[in-house]
Every structure is written in structure tokens, then in C-alpha cells.
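Participant: Contents of target-v4.csv (CSV, C-alpha atoms) are below:
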chain,number,residue,atom,x,y,z
A,1,MET,CA,-18.9,50.6,-76.9
A,2,ASN,CA,-19.5,46.9,-76.4
A,3,ASN,CA,-19.4,45.3,-79.9
A,4,CYS,CA,-19.4,41.7,-80.9
A,5,PHE,CA,-18.4,39.9,-84.1
A,6,ILE,CA,-20.1,36.6,-84.8
A,7,ILE,CA,-18.6,34.3,-87.4
A,8,LEU,CA,-20.9,31.6,-88.8
A,9,ALA,CA,-19.0,28.4,-89.8
A,10,GLY,CA,-21.7,25.8,-89.0
A,11,GLY,CA,-22.7,24.6,-92.4
A,12,GLU,CA,-22.4,21.2,-93.9
A,13,SER,CA,-20.1,22.3,-96.8
A,14,LYS,CA,-21.9,19.9,-99.1
A,15,ARG,CA,-21.3,21.9,-102.3
A,16,PHE,CA,-17.7,22.3,-101.5
A,17,ASN,CA,-17.1,18.6,-102.1
A,18,SER,CA,-14.0,18.0,-99.9
A,19,LYS,CA,-13.1,15.7,-97.0
A,20,THR,CA,-11.9,18.8,-95.2
A,21,PRO,CA,-14.9,21.0,-94.4
A,22,LYS,CA,-14.8,24.4,-96.2
A,23,PRO,CA,-14.1,26.5,-93.1
A,24,TYR,CA,-11.0,24.5,-92.3
A,25,HIS,CA,-9.7,24.2,-95.9
A,26,LEU,CA,-6.4,26.1,-96.5
A,27,TYR,CA,-6.8,29.4,-98.3
A,28,LYS,CA,-3.7,31.6,-98.8
A,29,GLY,CA,-1.7,29.5,-96.3
A,30,LYS,CA,-4.2,29.1,-93.5
A,31,PRO,CA,-7.7,27.7,-92.8
A,32,LEU,CA,-10.5,29.8,-94.3
A,33,LEU,CA,-12.2,30.8,-91.0
A,34,LEU,CA,-8.9,32.0,-89.5
A,35,HIS,CA,-8.8,34.9,-92.0
A,36,SER,CA,-12.0,36.3,-90.4
A,37,ILE,CA,-10.9,35.7,-86.9
A,38,VAL,CA,-7.5,37.4,-87.4
A,39,LYS,CA,-9.2,40.5,-88.9
A,40,ALA,CA,-11.8,40.7,-86.2
A,41,LYS,CA,-9.1,40.4,-83.5
A,42,SER,CA,-7.2,43.2,-85.2
A,43,TYR,CA,-10.2,45.6,-85.2
A,44,LYS,CA,-10.0,47.5,-81.9
A,45,LYS,CA,-13.7,48.3,-81.8
A,46,ILE,CA,-14.6,44.6,-81.5
A,47,LYS,CA,-14.6,43.5,-77.8
A,48,LYS,CA,-15.9,40.0,-78.2
A,49,ILE,CA,-15.7,37.3,-80.9
A,50,VAL,CA,-18.1,34.3,-81.2
A,51,LEU,CA,-17.4,31.4,-83.6
A,52,VAL,CA,-20.4,29.2,-84.4
A,53,ILE,CA,-19.4,25.8,-85.6
A,54,ASN,CA,-20.9,22.5,-86.8
A,55,LYS,CA,-20.9,19.9,-84.1
A,56,LYS,CA,-19.4,17.4,-86.6
A,57,HIS,CA,-16.3,19.6,-87.0
A,58,LYS,CA,-15.2,19.7,-83.3
A,59,ASN,CA,-12.0,17.7,-84.1
A,60,PHE,CA,-11.1,20.3,-86.8
A,61,ILE,CA,-11.5,23.2,-84.5
A,62,LYS,CA,-9.5,21.6,-81.7
A,63,LYS,CA,-6.5,21.3,-84.0
A,64,LEU,CA,-6.5,25.1,-84.6
A,65,LYS,CA,-6.1,25.8,-80.9
A,66,ILE,CA,-7.9,29.1,-81.2
A,67,LYS,CA,-7.7,31.3,-78.1
A,68,ASN,CA,-9.7,34.3,-76.7
A,69,ILE,CA,-12.9,33.6,-78.7
A,70,LYS,CA,-16.2,32.0,-77.7
A,71,ILE,CA,-17.0,28.8,-79.6
A,72,VAL,CA,-20.7,27.8,-79.9
A,73,VAL,CA,-22.2,24.8,-81.6
A,74,GLY,CA,-24.7,25.8,-84.3
A,75,GLY,CA,-28.0,24.4,-85.4
A,76,LYS,CA,-29.4,22.6,-88.4
A,77,THR,CA,-30.0,25.9,-90.4
A,78,ARG,CA,-28.3,29.2,-90.8
A,79,ALA,CA,-31.1,30.8,-88.8
A,80,GLU,CA,-30.6,28.5,-85.9
A,81,SER,CA,-26.9,29.0,-85.9
A,82,ALA,CA,-27.2,32.8,-85.9
A,83,TYR,CA,-29.7,32.6,-83.1
A,84,LYS,CA,-27.4,30.4,-81.0
A,85,GLY,CA,-24.6,32.9,-81.6
A,86,LEU,CA,-26.8,35.7,-80.4
A,87,LYS,CA,-28.2,33.7,-77.5
A,88,SER,CA,-24.6,33.1,-76.2
A,89,ILE,CA,-24.0,36.8,-75.7
A,90,GLU,CA,-27.5,37.7,-74.4
A,91,SER,CA,-26.2,38.6,-70.9
A,92,ASP,CA,-23.0,40.4,-72.1
A,93,ASN,CA,-24.5,43.8,-72.5
A,94,ILE,CA,-23.7,43.9,-76.2
A,95,GLN,CA,-24.7,47.1,-78.0
A,96,ASN,CA,-23.9,46.2,-81.6
A,97,VAL,CA,-23.2,43.0,-83.3
A,98,MET,CA,-21.7,42.1,-86.7
A,99,ILE,CA,-22.6,38.7,-88.2
A,100,HIS,CA,-20.3,37.3,-90.8
A,101,ASP,CA,-20.0,34.2,-93.0
A,102,ALA,CA,-16.7,32.4,-92.6
A,103,ALA,CA,-16.8,31.7,-96.4
A,104,ARG,CA,-16.0,35.4,-97.0
A,105,PRO,CA,-12.3,35.8,-96.0
A,106,ASN,CA,-11.5,38.9,-98.1
A,107,PHE,CA,-13.4,41.7,-96.4
A,108,SER,CA,-11.3,44.7,-95.2
A,109,ILE,CA,-11.0,46.6,-91.9
A,110,LYS,CA,-12.1,49.6,-93.8
A,111,LEU,CA,-15.5,47.9,-94.5
A,112,LEU,CA,-15.9,47.3,-90.7
A,113,ASP,CA,-15.3,51.0,-90.1
A,114,LYS,CA,-18.0,52.0,-92.6
A,115,LEU,CA,-20.5,49.6,-91.0
A,116,MET,CA,-19.7,50.8,-87.5
A,117,LYS,CA,-20.1,54.5,-88.6
A,118,GLU,CA,-23.5,53.9,-90.1
A,119,LEU,CA,-24.7,51.9,-87.0
A,120,LYS,CA,-24.7,55.2,-85.1
A,121,THR,CA,-27.9,56.2,-86.9
A,122,ASN,CA,-29.3,52.9,-88.2
A,123,ASP,CA,-30.3,49.5,-86.6
A,124,CYS,CA,-29.3,47.5,-89.7
A,125,VAL,CA,-26.4,48.2,-92.0
A,126,ILE,CA,-25.4,45.8,-94.8
A,127,PRO,CA,-22.8,45.9,-97.6
A,128,ALA,CA,-23.8,45.3,-101.2
A,129,ILE,CA,-22.6,45.6,-104.7
A,130,GLN,CA,-24.7,46.3,-107.8
A,131,THR,CA,-24.5,43.8,-110.6
A,132,THR,CA,-23.1,44.7,-113.9
A,133,ASP,CA,-24.8,41.9,-115.7
A,134,SER,CA,-28.2,42.0,-117.4
A,135,ILE,CA,-30.9,40.4,-115.1
A,136,LYS,CA,-33.9,38.4,-116.0
A,137,GLN,CA,-36.5,36.6,-114.0
A,138,LYS,CA,-38.2,33.4,-115.2
A,139,SER,CA,-41.5,32.4,-113.8
A,140,LEU,CA,-43.0,29.3,-115.4
A,141,ASN,CA,-42.7,30.1,-119.1
A,142,LYS,CA,-42.6,33.8,-118.7
A,143,VAL,CA,-39.3,35.8,-118.8
A,144,ILE,CA,-39.3,39.3,-117.2
A,145,ASN,CA,-36.6,41.9,-117.7
A,146,LEU,CA,-35.4,43.4,-114.4
A,147,LYS,CA,-33.5,46.7,-114.0
A,148,ARG,CA,-30.0,45.9,-112.9
A,149,GLU,CA,-29.8,49.3,-111.3
A,150,ASN,CA,-32.3,48.0,-108.7
A,151,ILE,CA,-30.5,44.6,-108.1
A,152,TYR,CA,-28.1,44.4,-105.2
A,153,LEU,CA,-25.8,41.5,-104.3
A,154,ILE,CA,-25.7,41.3,-100.5
A,155,GLN,CA,-22.5,40.6,-98.6
A,156,THR,CA,-21.3,40.0,-95.0
A,157,PRO,CA,-20.4,41.1,-92.4
A,158,GLN,CA,-23.7,42.8,-91.6
A,159,ALA,CA,-24.1,45.1,-88.7
A,160,PHE,CA,-27.0,45.4,-86.3
A,161,ASN,CA,-28.2,46.9,-83.1
A,162,PHE,CA,-28.1,43.8,-80.9
A,163,LYS,CA,-31.4,44.3,-79.1
A,164,GLU,CA,-33.4,44.9,-82.4
A,165,LEU,CA,-31.8,41.9,-84.1
A,166,TYR,CA,-32.3,39.6,-81.1
A,167,LYS,CA,-36.0,40.4,-80.9
A,168,LEU,CA,-36.4,39.5,-84.6
A,169,GLN,CA,-34.2,36.4,-84.3
A,170,ASN,CA,-36.5,34.9,-81.6
A,171,ASN,CA,-38.8,33.8,-84.5
A,172,LYS,CA,-36.6,30.8,-85.5
A,173,SER,CA,-39.2,29.4,-87.7
A,174,ILE,CA,-38.3,31.8,-90.5
A,175,GLU,CA,-35.5,30.4,-92.7
A,176,ILE,CA,-33.2,33.1,-93.8
A,177,THR,CA,-30.1,33.3,-96.1
A,178,ASP,CA,-28.8,36.5,-94.3
A,179,ASP,CA,-29.8,38.2,-91.1
A,180,ALA,CA,-31.0,41.4,-92.8
A,181,ASN,CA,-33.9,39.3,-94.2
A,182,LEU,CA,-35.4,39.6,-90.8
A,183,PHE,CA,-35.5,43.3,-91.0
A,184,VAL,CA,-37.0,43.1,-94.5
A,185,LYS,CA,-39.8,40.7,-93.4
A,186,ALA,CA,-40.5,43.0,-90.4
A,187,GLY,CA,-40.8,46.0,-92.7
A,188,LYS,CA,-37.9,47.8,-90.9
A,189,LYS,CA,-35.4,50.2,-92.3
A,190,ILE,CA,-32.2,48.9,-93.8
A,191,LYS,CA,-29.1,51.0,-94.7
A,192,ILE,CA,-27.2,49.7,-97.7
A,193,ILE,CA,-23.6,50.7,-98.1
A,194,LYS,CA,-21.2,50.0,-100.9
A,195,GLY,CA,-19.6,46.6,-100.5
A,196,GLU,CA,-16.3,45.3,-101.8
A,197,ILE,CA,-15.6,43.5,-105.1
A,198,ASP,CA,-13.0,41.3,-103.5
A,199,ASN,CA,-15.4,40.2,-100.7
A,200,LYS,CA,-16.6,37.2,-102.6
A,201,LYS,CA,-18.2,34.1,-101.0
A,202,ILE,CA,-16.3,30.8,-101.4
A,203,THR,CA,-19.0,28.2,-102.2
A,204,ILE,CA,-17.4,25.4,-104.3
A,205,ASN,CA,-14.0,23.9,-104.3
A,206,SER,CA,-12.9,25.7,-107.5
A,207,ASP,CA,-13.5,29.1,-105.8
A,208,ILE,CA,-10.5,28.4,-103.5
A,209,GLN,CA,-8.1,27.3,-106.3
A,210,ILE,CA,-6.4,30.6,-106.9
A,211,ASN,CA,-3.3,31.2,-109.0
A,212,ASN,CA,-0.2,30.8,-106.9
A,213,THR,CA,3.5,29.9,-107.2
A,214,ILE,CA,5.4,27.8,-104.6
A,215,GLN,CA,9.0,28.8,-104.1
A,216,TYR,CA,11.7,27.2,-101.9
A,217,GLY,CA,14.6,28.5,-99.8
A,218,LEU,CA,17.5,27.1,-97.9
A,219,GLY,CA,18.9,28.5,-94.6
A,220,PHE,CA,21.9,27.5,-92.5
A,221,ASP,CA,23.6,29.0,-89.5
A,222,VAL,CA,26.1,28.0,-86.9
A,223,HIS,CA,27.2,29.7,-83.6
A,224,ARG,CA,30.0,29.0,-81.2
A,225,LEU,CA,29.1,28.0,-77.6
A,226,VAL,CA,30.8,30.1,-74.9
A,227,SER,CA,30.5,30.8,-71.2
A,228,ASN,CA,28.5,33.7,-69.8
A,229,LYS,CA,26.0,33.8,-72.7
A,230,LYS,CA,22.3,32.9,-72.9
A,231,LEU,CA,21.2,30.1,-75.1
A,232,TYR,CA,18.2,30.9,-77.4
A,233,LEU,CA,16.9,28.2,-79.8
A,234,GLY,CA,13.9,29.0,-82.0
A,235,GLY,CA,13.0,32.0,-79.9
A,236,ILE,CA,13.0,30.0,-76.6
A,237,LYS,CA,15.5,30.5,-73.8
A,238,ILE,CA,17.1,27.1,-73.0
A,239,PRO,CA,18.7,26.3,-69.6
A,240,SER,CA,22.4,25.8,-70.3
A,241,PRO,CA,25.8,26.5,-68.8
A,242,LEU,CA,26.9,27.7,-72.3
A,243,GLY,CA,25.3,30.2,-74.7
A,244,THR,CA,25.8,31.2,-78.3
A,245,LEU,CA,28.2,33.9,-79.4
A,246,GLY,CA,26.7,36.4,-81.8
A,247,HIS,CA,26.1,40.0,-82.6
A,248,SER,CA,22.3,39.6,-81.8
A,249,ASP,CA,21.1,37.0,-79.4
A,250,GLY,CA,22.9,34.3,-81.4
A,251,ASP,CA,19.8,32.2,-82.1
A,252,PRO,CA,20.9,29.8,-84.9
A,253,VAL,CA,17.4,28.4,-85.5
A,254,LEU,CA,15.7,31.7,-86.1
A,255,HIS,CA,18.6,32.9,-88.2
A,256,ALA,CA,18.4,29.8,-90.4
A,257,VAL,CA,14.6,30.1,-90.6
A,258,THR,CA,15.0,33.8,-91.6
A,259,ASP,CA,17.5,33.0,-94.3
A,260,ALA,CA,15.4,30.2,-95.7
A,261,ILE,CA,12.4,32.5,-96.0
A,262,LEU,CA,14.4,35.3,-97.5
A,263,GLY,CA,15.9,32.8,-100.0
A,264,ALA,CA,12.4,31.5,-101.0
A,265,CYS,CA,11.2,35.0,-101.6
A,266,LYS,CA,14.4,36.0,-103.4
A,267,MET,CA,15.0,38.8,-101.0
A,268,GLY,CA,18.7,38.4,-100.1
A,269,ASP,CA,19.9,37.2,-96.7
A,270,ILE,CA,19.8,38.1,-93.0
A,271,GLY,CA,23.3,39.7,-93.1
A,272,GLU,CA,22.1,42.2,-95.7
A,273,LYS,CA,19.0,43.0,-93.7
A,274,PHE,CA,20.5,43.2,-90.3
A,275,SER,CA,24.3,43.9,-90.5
A,276,ASP,CA,26.5,42.8,-87.6
A,277,LYS,CA,28.2,46.2,-88.1
A,278,ASP,CA,25.0,48.0,-87.1
A,279,LYS,CA,24.8,48.9,-83.4
A,280,ARG,CA,21.0,48.8,-83.6
A,281,PHE,CA,21.0,45.1,-83.8
A,282,ARG,CA,23.5,44.5,-80.9
A,283,ASN,CA,22.0,41.8,-78.6
A,284,ILE,CA,18.6,42.2,-80.3
A,285,ARG,CA,16.2,39.2,-80.0
A,286,SER,CA,16.0,37.2,-83.2
A,287,THR,CA,12.3,37.0,-82.7
A,288,ILE,CA,12.1,40.7,-83.6
A,289,LEU,CA,14.3,40.3,-86.7
A,290,LEU,CA,12.1,37.4,-88.0
A,291,LYS,CA,8.9,39.3,-87.2
A,292,ASN,CA,10.2,42.2,-89.4
A,293,ILE,CA,11.0,39.9,-92.2
A,294,ILE,CA,7.5,38.2,-92.0
A,295,GLU,CA,5.8,41.6,-92.3
A,296,GLU,CA,8.0,42.5,-95.3
A,297,VAL,CA,7.4,39.2,-97.2
A,298,ASN,CA,3.6,39.3,-96.4
A,299,SER,CA,3.4,42.8,-97.8
A,300,LYS,CA,4.9,41.5,-101.1
A,301,GLY,CA,2.2,38.8,-101.3
A,302,TYR,CA,4.1,35.9,-99.9
A,303,THR,CA,2.7,33.5,-97.2
A,304,ILE,CA,4.8,30.8,-95.5
A,305,ASN,CA,3.7,27.3,-96.6
A,306,ASN,CA,6.0,24.9,-94.7
A,307,ILE,CA,9.2,25.0,-92.7
A,308,ASP,CA,11.4,22.0,-92.1
A,309,ILE,CA,14.1,22.4,-89.4
A,310,ASN,CA,17.2,20.4,-88.5
A,311,ILE,CA,18.7,21.5,-85.2
A,312,ILE,CA,22.2,20.0,-84.9
A,313,THR,CA,23.6,19.9,-81.4
A,314,GLN,CA,25.1,17.4,-79.0
A,315,LYS,CA,23.5,19.2,-76.1
A,316,PRO,CA,20.9,20.1,-75.2
A,317,LYS,CA,18.5,17.4,-76.5
A,318,ILE,CA,15.9,19.1,-78.6
A,319,GLN,CA,13.0,16.7,-78.1
A,320,LYS,CA,11.7,18.3,-74.9
A,321,TYR,CA,11.7,21.8,-76.5
A,322,LYS,CA,10.1,21.0,-79.8
A,323,LYS,CA,6.6,22.0,-79.0
A,324,GLN,CA,7.7,25.4,-77.5
A,325,ILE,CA,9.9,26.2,-80.4
A,326,THR,CA,7.2,25.1,-82.9
A,327,ASN,CA,4.6,27.3,-81.3
A,328,CYS,CA,7.0,30.3,-81.1
A,329,ILE,CA,7.9,30.1,-84.8
A,330,ALA,CA,4.3,29.5,-85.9
A,331,ARG,CA,3.2,32.6,-84.0
A,332,ILE,CA,5.8,34.8,-85.5
A,333,CYS,CA,5.3,33.4,-89.0
A,334,LYS,CA,1.5,33.6,-88.8
A,335,ILE,CA,1.0,30.0,-89.6
A,336,LEU,CA,-0.2,26.8,-87.9
A,337,PRO,CA,2.2,24.7,-85.8
A,338,THR,CA,1.3,21.8,-88.1
A,339,GLN,CA,3.1,23.6,-90.9
A,340,ILE,CA,6.4,23.3,-89.1
A,341,ASN,CA,8.5,20.2,-88.6
A,342,ILE,CA,11.5,20.1,-86.2
A,343,LYS,CA,14.1,17.4,-86.0
A,344,GLY,CA,16.9,17.2,-83.4
A,345,LYS,CA,20.2,15.8,-84.8
A,346,THR,CA,23.6,15.1,-83.4
A,347,THR,CA,27.0,14.6,-85.0
A,348,GLU,CA,27.7,11.5,-82.9
A,349,LYS,CA,30.3,13.4,-80.9
A,350,LEU,CA,32.3,14.3,-84.0
A,351,GLY,CA,33.7,17.8,-84.7
A,352,VAL,CA,33.1,21.0,-82.9
A,353,ILE,CA,29.3,20.3,-82.6
A,354,GLY,CA,30.0,16.8,-81.2
A,355,GLU,CA,32.5,18.4,-78.7
A,356,GLU,CA,29.8,20.8,-77.6
A,357,LYS,CA,31.6,23.8,-78.9
A,358,ALA,CA,28.9,24.9,-81.4
A,359,ILE,CA,25.3,24.5,-82.5
A,360,ALA,CA,24.1,24.6,-86.1
A,361,CYS,CA,20.8,24.6,-87.8
A,362,GLU,CA,19.6,24.0,-91.4
A,363,VAL,CA,16.2,24.9,-92.7
A,364,ILE,CA,14.2,24.4,-95.9
A,365,ALA,CA,11.2,26.7,-96.2
A,366,SER,CA,8.5,26.9,-98.9
A,367,VAL,CA,6.4,30.0,-99.5
A,368,ILE,CA,3.4,30.7,-101.7
A,369,LYS,CA,3.3,33.8,-103.9
A,370,TYR,CA,-0.3,34.9,-104.5
A,371,ASP,CA,-1.4,36.8,-107.6
Could you spell out this file's structure in C-alpha cells?
Facilitator:
Amino acid sequence: MNNCFIILAGGESKRFNSKTPKPYHLYKGKPLLLHSIVKAKSYKKIKKIVLVINKKHKNFIKKLKIKNIKIVVGGKTRAESAYKGLKSIESDNIQNVMIHDAARPNFSIKLLDKLMKELKTNDCVIPAIQTTDSIKQKSLNKVINLKRENIYLIQTPQAFNFKELYKLQNNKSIEITDDANLFVKAGKKIKIIKGEIDNKKITINSDIQINNTIQYGLGFDVHRLVSNKKLYLGGIKIPSPLGTLGHSDGDPVLHAVTDAILGACKMGDIGEKFSDKDKRFRNIRSTILLKNIIEEVNSKGYTINNIDINIITQKPKIQKYKKQITNCIARICKILPTQINIKGKTTEKLGVIGEEKAIACEVIASVIKYD
């Protein structure tokens, strides 16, 4: 089944009141819109992702270096932006489409499953929650009591049969606040399913200020250089006549990064997690070890905030490998490359490092614990 997920991030963010547009503002350790992109990519029933952006935000989107999604410049209104997103996939033989506001980062994969299931028998499926507050309507000087049982707060993502929605979206003169409005105005059937309490929309700056604690950790590692061994630094294989001696692949950078993160999360050290007495970890890549730790710390509510790395070596020179190492660590830690800083240091030919007999690395990492 050919399904598409469209993320709308083309607004002006005027109410958000920040120099950084709302979709690119950090939320739980990464830009707001990335939360929706990551979830859409992880949902196997989605074959194509389209991101609709504001033309004024092109510099922000370039910095994120997003891959494998289609980026479309939106219009002046939400209706125009949604139409441009749909227009961009007109010839892609799309059967179903979900349209989502980037300002809602906390939807679940379970919700996507519910929407897809209902689309089998409906052309328009939307999530909603019923209000628990008393509702009144004021018209001029008259106040009317409304039954809260009949009031629904509509959320995104909303799911549609592509052809049916596209036909309705062709009338771009209608200003809408969500795409299901088109079905309402056309008198067509809508299926409402139970939404999610946590799937709230971030509108103003204070919505993004959540309770969190920043914690710090220190990591250090050193490995001897020997013949007939490969040299891995920061997950990257480095051309070298000498390699590091270790039970695993001997990557001092990833070992120090791992220890710094474990320290910040108060979760012990790399030796406790991956003993050098355990044959399972013999010659294992340190990228695998760090990935396992990231999954564990994420499951406990921690997100990596910043990593500062000193690689101490006489040879090789680190400058030419900085970008590769940064991108590798960022990918494993699920953060942006801009959240990582790498410095190459020498010991001015002093000691075992200066004599090219060892390589060391020291790291300070900060993590954020979300309530």
C-alpha cells in the first residue's frame, strides 16, 4: 500500500515569539519537527514523507541535513501549504495520506496504526479528545451553555484517501484550520477516533519549557598502539600502520564517549556493562556498544544534550577526520552534529602518546532528564 506522511511546518511562528522558528526550536534535545520525521520514518507502512516548509526558513532546514524526504516550500496559508504538499505527490500513485502539524511532536506509532486501520473503511479519519471542561459560547451579549459531551478537540495526524482529499483541496479559496474541515464543508462522512492526551500542540514559547534536569559526566580512555591491528577512532576506520590494542575494537573515542554518557546518567561505566572477560564482546565494534547504551539511557528518559571531545594523539592528525567522526557519533546518539565538538590535541612529543605508542581521549557529556 502506497502511503504518504505530510508534515506541515510552513507557518510564521508569530505567537511563538522566538528568533528561532518554532519547528526548529529544540524540544527534548532535538528540533521540534525532527520528532515527527523520526516517527514517520520508523513506521513501516509509510513509504514517502513530505515536509512543507516556510521559504524564509531554508537556512534552518539546510543545517539539519535531512535525508530521504521530499521538501516543499509552502504557501501563505495552511490551506495553500497543505495543497502544495498534496500537489507534490500527485503523480506518485499515493493511496492514503496523513497530514500532520509539526507542532505536535508527541503522537505515538500506535495512533498511526489506528488511523491506518480505520482508513480501510473510511475516506477521512481524525483523532480527537473530548473536553473535560464546561463549555460556553458567547455571541454578542448572549451566553449559551454547550454540552461538553458533544465537543471534540481535534488533533493531527489526520488520515485521508488521497484522491478524495485532493479533489476537495483543489478549492484553495477556503481557509481551513485542519484538513478534515474540507470534508465537513462538503458534507462528507468523517470517522472520529480517540486521540491522545499527550498529543498536544505547541503554540507559544512557554509550551516548550518542560521540567528537565541537566546532568554531566566525564569519560576517559587510553589504548596502546601496536602492529597488525586496525585503528578505529569515533567509529571511523583510520588508515594507519598501527592500531589500538583492546578486547573490543579498541576505539578510545567511543569508549570515552560511552563512559561520559553513563556517568552523566549515573549508570556505572563501560567495564561494568561490557566486561573484557566476556567473550561476546571480543573484537566487537564500539559503535554497537554505544548504540546499546543510547537505547538504554533513552528508555530511562535521558537525551544527549552536548558532547565535548578531546582526542589526544601525536599521529594521525584529527582535523581531516573531524566531520566523519562527528557525523558517526551524532547518528548513534540520535542528536545533531552541531551538538558535538571535537578537538585534536597532542602532547608535544612527550610521553607514550608523544612517542606514538598510545592514543587517549577525554570527554565531557551533558544529558537532559525529562520528567
Participant: Using all atoms listed in the file, can you tell me which of A:Lys230, A:Arg331, A:Lys163, A:Lys273 comes closest to Lys65 (chain A)?
Facilitator: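 Result for the nearest residue to Lys65 (chain A): A:Arg331.
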Participant: Report the distance between CA of Tyr43 (chain A) and CA of Glu12 (chain A) in Å, rounded to one decimal place.
Facilitator: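 If I compute the distance from CA of Tyr43 (chain A) to CA of Glu12 (chain A), I get 28.6 Å.
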Participant: Could you please determine the separation between CA of Val352 (chain A) and CA of Gln314 (chain A) in Å, to one decimal place?
Facilitator: 9.6 Å
Participant: If we draw a sphere of 12 Å around (-17.6, 33.2, -93.5), which residues have at least one atom in it when counting all atoms listed in the file? Please report them as a PyMOL selection string.
Facilitator: chain A and resi 5-11+13+22-24+31-37+40+51-53+78+98-107+155-158+178+199-203
Participant: Could you tell me how far CA of Gln319 (chain A) lies from CA of Lys67 (chain A), in Å and to one decimal?
Facilitator: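 Distance reported for this atom pair: 25.3 Å.
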Participant: Within 10 Å of region 285-295 of chain A, counting all atoms listed in the file, which residues show up once you throw out same-chain ones fewer than 4 positions away? Write them as an mmCIF file with C-alpha atoms, in the coordinates of the input, please.
Facilitator:
data_model
loop_
_atom_site.group_PDB
_atom_site.id
_atom_site.type_symbol
_atom_site.label_atom_id
_atom_site.label_comp_id
_atom_site.auth_asym_id
_atom_site.auth_seq_id
_atom_site.Cartn_x
_atom_site.Cartn_y
_atom_site.Cartn_z
ATOM 1 C CA TYR A 232 18.200 30.900 -77.400
ATOM 2 C CA LEU A 233 16.900 28.200 -79.800
ATOM 3 C CA GLY A 234 13.900 29.000 -82.000
ATOM 4 C CA GLY A 235 13.000 32.000 -79.900
ATOM 5 C CA ILE A 236 13.000 30.000 -76.600
ATOM 6 C CA SER A 248 22.300 39.600 -81.800
ATOM 7 C CA ASP A 249 21.100 37.000 -79.400
ATOM 8 C CA GLY A 250 22.900 34.300 -81.400
ATOM 9 C CA ASP A 251 19.800 32.200 -82.100
ATOM 10 C CA PRO A 252 20.900 29.800 -84.900
ATOM 11 C CA VAL A 253 17.400 28.400 -85.500
ATOM 12 C CA LEU A 254 15.700 31.700 -86.100
ATOM 13 C CA HIS A 255 18.600 32.900 -88.200
ATOM 14 C CA VAL A 257 14.600 30.100 -90.600
ATOM 15 C CA THR A 258 15.000 33.800 -91.600
ATOM 16 C CA ASP A 259 17.500 33.000 -94.300
ATOM 17 C CA ILE A 261 12.400 32.500 -96.000
ATOM 18 C CA LEU A 262 14.400 35.300 -97.500
ATOM 19 C CA MET A 267 15.000 38.800 -101.000
ATOM 20 C CA ILE A 270 19.800 38.100 -93.000
ATOM 21 C CA LYS A 273 19.000 43.000 -93.700
ATOM 22 C CA PHE A 274 20.500 43.200 -90.300
ATOM 23 C CA PHE A 281 21.000 45.100 -83.800
ATOM 24 C CA SER A 299 3.400 42.800 -97.800
ATOM 25 C CA LYS A 300 4.900 41.500 -101.100
ATOM 26 C CA TYR A 302 4.100 35.900 -99.900
ATOM 27 C CA THR A 303 2.700 33.500 -97.200
ATOM 28 C CA ILE A 304 4.800 30.800 -95.500
ATOM 29 C CA CYS A 328 7.000 30.300 -81.100
ATOM 30 C CA ILE A 329 7.900 30.100 -84.800
ATOM 31 C CA ARG A 331 3.200 32.600 -84.000
ATOM 32 C CA ILE A 332 5.800 34.800 -85.500
ATOM 33 C CA CYS A 333 5.300 33.400 -89.000
ATOM 34 C CA LYS A 334 1.500 33.600 -88.800
#
Participant: Taking into account all atoms listed in the file, which residue in the set A:Lys55, A:Lys48, A:Lys357, A:His25 is nearest to Asn96 (chain A)?
Facilitator: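 Once distances to Asn96 (chain A) are computed over all atoms listed in the file, the minimum belongs to A:Lys48.
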Participant: Restricting the calculation to all atoms listed in the file, which member of A:Ile342, A:Asp133, A:Leu86, A:Leu112 is positioned closest to Asn145 (chain A)?
Facilitator: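 Smallest separation from Asn145 (chain A) among the options: A:Asp133.
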